[in-house]
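Data file: model-v3.pdb. Format and content: PDB, C-alpha atoms, pLDDT in the B column.
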ATOM      1  CA  MET A  15     259.923 -27.989-188.438  1.00 93.00           C
ATOM      2  CA  ASP A  16     262.147 -24.965-188.008  1.00 94.00           C
ATOM      3  CA  ARG A  17     263.739 -23.664-184.805  1.00 97.00           C
ATOM      4  CA  TYR A  18     263.259 -20.030-183.788  1.00 97.00           C
ATOM      5  CA  PHE A  19     264.806 -18.125-180.899  1.00 97.00           C
ATOM      6  CA  PHE A  20     263.060 -15.407-178.897  1.00 96.00           C
ATOM      7  CA  ASN A  21     265.230 -12.827-177.145  1.00 96.00           C
ATOM      8  CA  ILE A  22     262.913 -11.050-174.724  1.00 94.00           C
ATOM      9  CA  SER A  23     263.304  -7.580-173.183  1.00 92.00           C
ATOM     10  CA  SER A  24     260.996  -6.063-170.592  1.00 85.00           C
ATOM     11  CA  GLY A  25     261.937  -3.086-168.465  1.00 78.00           C
ATOM     12  CA  SER A  26     265.638  -3.399-167.672  1.00 83.00           C
ATOM     13  CA  ARG A  27     265.646  -7.206-168.066  1.00 85.00           C
ATOM     14  CA  THR A  28     266.765  -9.075-171.176  1.00 91.00           C
ATOM     15  CA  MET A  29     266.622 -12.839-171.588  1.00 92.00           C
ATOM     16  CA  GLN A  30     268.508 -14.617-174.358  1.00 94.00           C
ATOM     17  CA  ASP A  31     266.776 -17.756-175.643  1.00 94.00           C
ATOM     18  CA  GLU A  32     269.308 -20.572-175.847  1.00 94.00           C
ATOM     19  CA  ARG A  33     266.910 -23.503-176.495  1.00 95.00           C
ATOM     20  CA  GLY A  34     264.625 -22.108-179.156  1.00 94.00           C
ATOM     21  CA  TYR A  35     261.137 -23.148-180.183  1.00 95.00           C
ATOM     22  CA  LEU A  36     260.218 -25.610-182.932  1.00 96.00           C
ATOM     23  CA  ALA A  37     257.441 -24.361-185.185  1.00 96.00           C
ATOM     24  CA  ALA A  38     255.846 -25.752-188.329  1.00 95.00           C
ATOM     25  CA  ASN A  39     256.415 -22.444-190.130  1.00 94.00           C
ATOM     26  CA  ARG A  40     257.258 -18.778-189.625  1.00 93.00           C
ATOM     27  CA  PRO A  41     253.639 -17.543-189.153  1.00 95.00           C
ATOM     28  CA  ASP A  42     253.133 -20.122-186.369  1.00 95.00           C
ATOM     29  CA  ALA A  43     256.335 -18.981-184.664  1.00 95.00           C
ATOM     30  CA  ILE A  44     255.267 -15.321-184.900  1.00 93.00           C
ATOM     31  CA  ALA A  45     251.851 -16.165-183.428  1.00 94.00           C
ATOM     32  CA  TYR A  46     253.563 -17.967-180.541  1.00 94.00           C
ATOM     33  CA  ALA A  47     255.898 -14.999-179.931  1.00 93.00           C
ATOM     34  CA  LYS A  48     252.920 -12.618-179.833  1.00 92.00           C
ATOM     35  CA  THR A  49     251.224 -14.823-177.235  1.00 92.00           C
ATOM     36  CA  VAL A  50     254.381 -14.935-175.105  1.00 90.00           C
ATOM     37  CA  ALA A  51     254.800 -11.148-175.342  1.00 89.00           C
ATOM     38  CA  ARG A  52     251.177 -10.519-174.361  1.00 89.00           C
ATOM     39  CA  GLU A  53     251.378 -12.843-171.347  1.00 89.00           C
ATOM     40  CA  ILE A  54     254.617 -11.303-170.076  1.00 87.00           C
ATOM     41  CA  ALA A  55     253.276  -7.751-170.557  1.00 85.00           C
ATOM     42  CA  MET A  56     250.108  -8.604-168.630  1.00 85.00           C
ATOM     43  CA  GLU A  57     252.140  -9.980-165.709  1.00 85.00           C
ATOM     44  CA  SER A  58     254.848  -7.321-165.623  1.00 81.00           C
ATOM     45  CA  LYS A  59     252.693  -4.311-166.595  1.00 81.00           C
ATOM     46  CA  LYS A  60     255.641  -3.216-168.761  1.00 84.00           C
ATOM     47  CA  PRO A  61     256.170  -3.199-172.521  1.00 87.00           C
ATOM     48  CA  VAL A  62     257.729  -6.372-173.922  1.00 90.00           C
ATOM     49  CA  PHE A  63     259.988  -6.569-176.960  1.00 93.00           C
ATOM     50  CA  ILE A  64     260.904  -9.835-178.661  1.00 94.00           C
ATOM     51  CA  GLU A  65     263.560 -10.279-181.315  1.00 95.00           C
ATOM     52  CA  MET A  66     262.708 -13.454-183.184  1.00 95.00           C
ATOM     53  CA  LEU A  67     265.695 -15.111-184.852  1.00 96.00           C
ATOM     54  CA  ASP A  68     265.904 -18.117-187.145  1.00 95.00           C
ATOM     55  CA  ALA A  69     268.341 -20.995-186.586  1.00 95.00           C
ATOM     56  CA  ASP A  70     271.025 -19.088-188.520  1.00 95.00           C
ATOM     57  CA  GLY A  71     270.716 -16.072-186.206  1.00 95.00           C
ATOM     58  CA  ARG A  72     268.939 -13.872-188.760  1.00 96.00           C
ATOM     59  CA  LEU A  73     266.290 -11.478-187.477  1.00 95.00           C
ATOM     60  CA  VAL A  74     262.890 -12.754-188.603  1.00 92.00           C
ATOM     61  CA  ALA A  75     260.561 -10.441-186.689  1.00 93.00           C
ATOM     62  CA  HIS A  76     260.527  -7.784-184.009  1.00 93.00           C
ATOM     63  CA  ILE A  77     257.445  -8.075-181.821  1.00 91.00           C
ATOM     64  CA  GLU A  78     256.281  -5.480-179.339  1.00 90.00           C
ATOM     65  CA  HIS A  79     253.427  -5.678-176.861  1.00 86.00           C
ATOM     66  CA  ARG A  80     252.439  -2.990-174.399  1.00 82.00           C
ATOM     67  CA  SER A  81     250.227  -3.700-171.431  1.00 69.00           C
ATOM     68  CA  GLN A  82     246.814  -2.107-171.766  1.00 62.00           C
ATOM     69  CA  PRO A  83     246.508   1.276-170.080  1.00 57.00           C
ATOM     70  CA  ARG A  84     244.039   1.434-167.272  1.00 51.00           C
ATOM     71  CA  ARG A  85     240.741   3.050-168.094  1.00 55.00           C
ATOM     72  CA  MET A  86     240.006   6.287-166.335  1.00 53.00           C
ATOM     73  CA  ARG A  87     237.001   6.170-164.082  1.00 55.00           C
ATOM     74  CA  THR A  88     234.505   8.983-164.198  1.00 56.00           C
ATOM     75  CA  PRO A  89     233.603  10.213-160.713  1.00 57.00           C
ATOM     76  CA  SER A  90     230.003   9.477-159.803  1.00 57.00           C
ATOM     77  CA  ARG A  91     227.805  12.372-158.847  1.00 55.00           C
TER
END

Step by step, read the file and then write its structure as structure tokens.
Amino acid sequence: MDRYFFNISSGSRTMQDERGYLAANRPDAIAYAKTVAREIAMESKKPVFIEMLDADGRLVAHIEHRSQPRRMRTPSR
């Protein structure tokens, strides 16, 4: 198991991950980060950016998720 850290930015807020997340491998950690980004974007309605770092502080992935734009409604006639 490897430890990964997720520094999250959304709007003007940035949160530094000090505990980390244990994952079996890098693809599992990236999948988890994508889920976290999607959930935060859905709640905040703002884009979310995650810098995923390994235990040595090296950048492993940069994940971005934007909330879905609202669909335009066509006026009924």

*Output check: residues returned by the PyMOL selection byres ((chain A and resi 21) around 8), as a VMD selection string*: chain A and resid 19 to 20 22 to 23 28 to 31 64 to 66

*Of the candidates A:Asp42, A:Arg80, A:Asp16, A:Thr49, which shows the shortest atom-to-atom distance to Asp68 in chain A, using only C-alpha atoms?*
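That would be A:Asp16, the residue with the smallest distance to Asp68 in chain A.
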
_Within-12 Å shell of (266.9, -23.7, -189.4) in input frame, only C-alpha atoms, as a list of chain:residue names_ = A:Met15, A:Asp16, A:Arg17, A:Tyr18, A:Phe19, A:Gly34, A:Tyr35, A:Leu36, A:Ala37, A:Ala38, A:Asn39, A:Arg40, A:Leu67, A:Asp68, A:Ala69, A:Asp70, A:Gly71, A:Arg72, A:Val74

Padded axis-aligned box of range 19-37 of chain A (3 Å per side), centre and edge lengths, Å, one decimal, as JSON:
{"center_x": 263.4, "center_y": -14.3, "center_z": -176.4, "size_x": 17.9, "size_y": 28.5, "size_z": 23.5}

_Neighbouring residues of Ala51 in chain A were defined as those with any atom within 8 Å, considering only C-alpha atoms; residues of the same chain fewer than 6 positions away were excluded. Please report them as a PyMOL selection string._
chain A and resi 62-64+77-79

Can you give me, as a PDB file with C-alpha atoms, in the coordinates of the input, the residues this file yields under the PyMOL selection byres ((chain A and resi 58) around 12)?
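This is the output file selection.pdb:
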ATOM      1  CA  SER A  23     263.304  -7.580-173.183  1.00 92.00           C
ATOM      2  CA  SER A  24     260.996  -6.063-170.592  1.00 85.00           C
ATOM      3  CA  GLY A  25     261.937  -3.086-168.465  1.00 78.00           C
ATOM      4  CA  SER A  26     265.638  -3.399-167.672  1.00 83.00           C
ATOM      5  CA  ARG A  27     265.646  -7.206-168.066  1.00 85.00           C
ATOM      6  CA  ALA A  51     254.800 -11.148-175.342  1.00 89.00           C
ATOM      7  CA  ARG A  52     251.177 -10.519-174.361  1.00 89.00           C
ATOM      8  CA  GLU A  53     251.378 -12.843-171.347  1.00 89.00           C
ATOM      9  CA  ILE A  54     254.617 -11.303-170.076  1.00 87.00           C
ATOM     10  CA  ALA A  55     253.276  -7.751-170.557  1.00 85.00           C
ATOM     11  CA  MET A  56     250.108  -8.604-168.630  1.00 85.00           C
ATOM     12  CA  GLU A  57     252.140  -9.980-165.709  1.00 85.00           C
ATOM     13  CA  LYS A  59     252.693  -4.311-166.595  1.00 81.00           C
ATOM     14  CA  LYS A  60     255.641  -3.216-168.761  1.00 84.00           C
ATOM     15  CA  PRO A  61     256.170  -3.199-172.521  1.00 87.00           C
ATOM     16  CA  VAL A  62     257.729  -6.372-173.922  1.00 90.00           C
ATOM     17  CA  HIS A  79     253.427  -5.678-176.861  1.00 86.00           C
ATOM     18  CA  ARG A  80     252.439  -2.990-174.399  1.00 82.00           C
ATOM     19  CA  SER A  81     250.227  -3.700-171.431  1.00 69.00           C
ATOM     20  CA  GLN A  82     246.814  -2.107-171.766  1.00 62.00           C
TER      21      GLN A  82
END
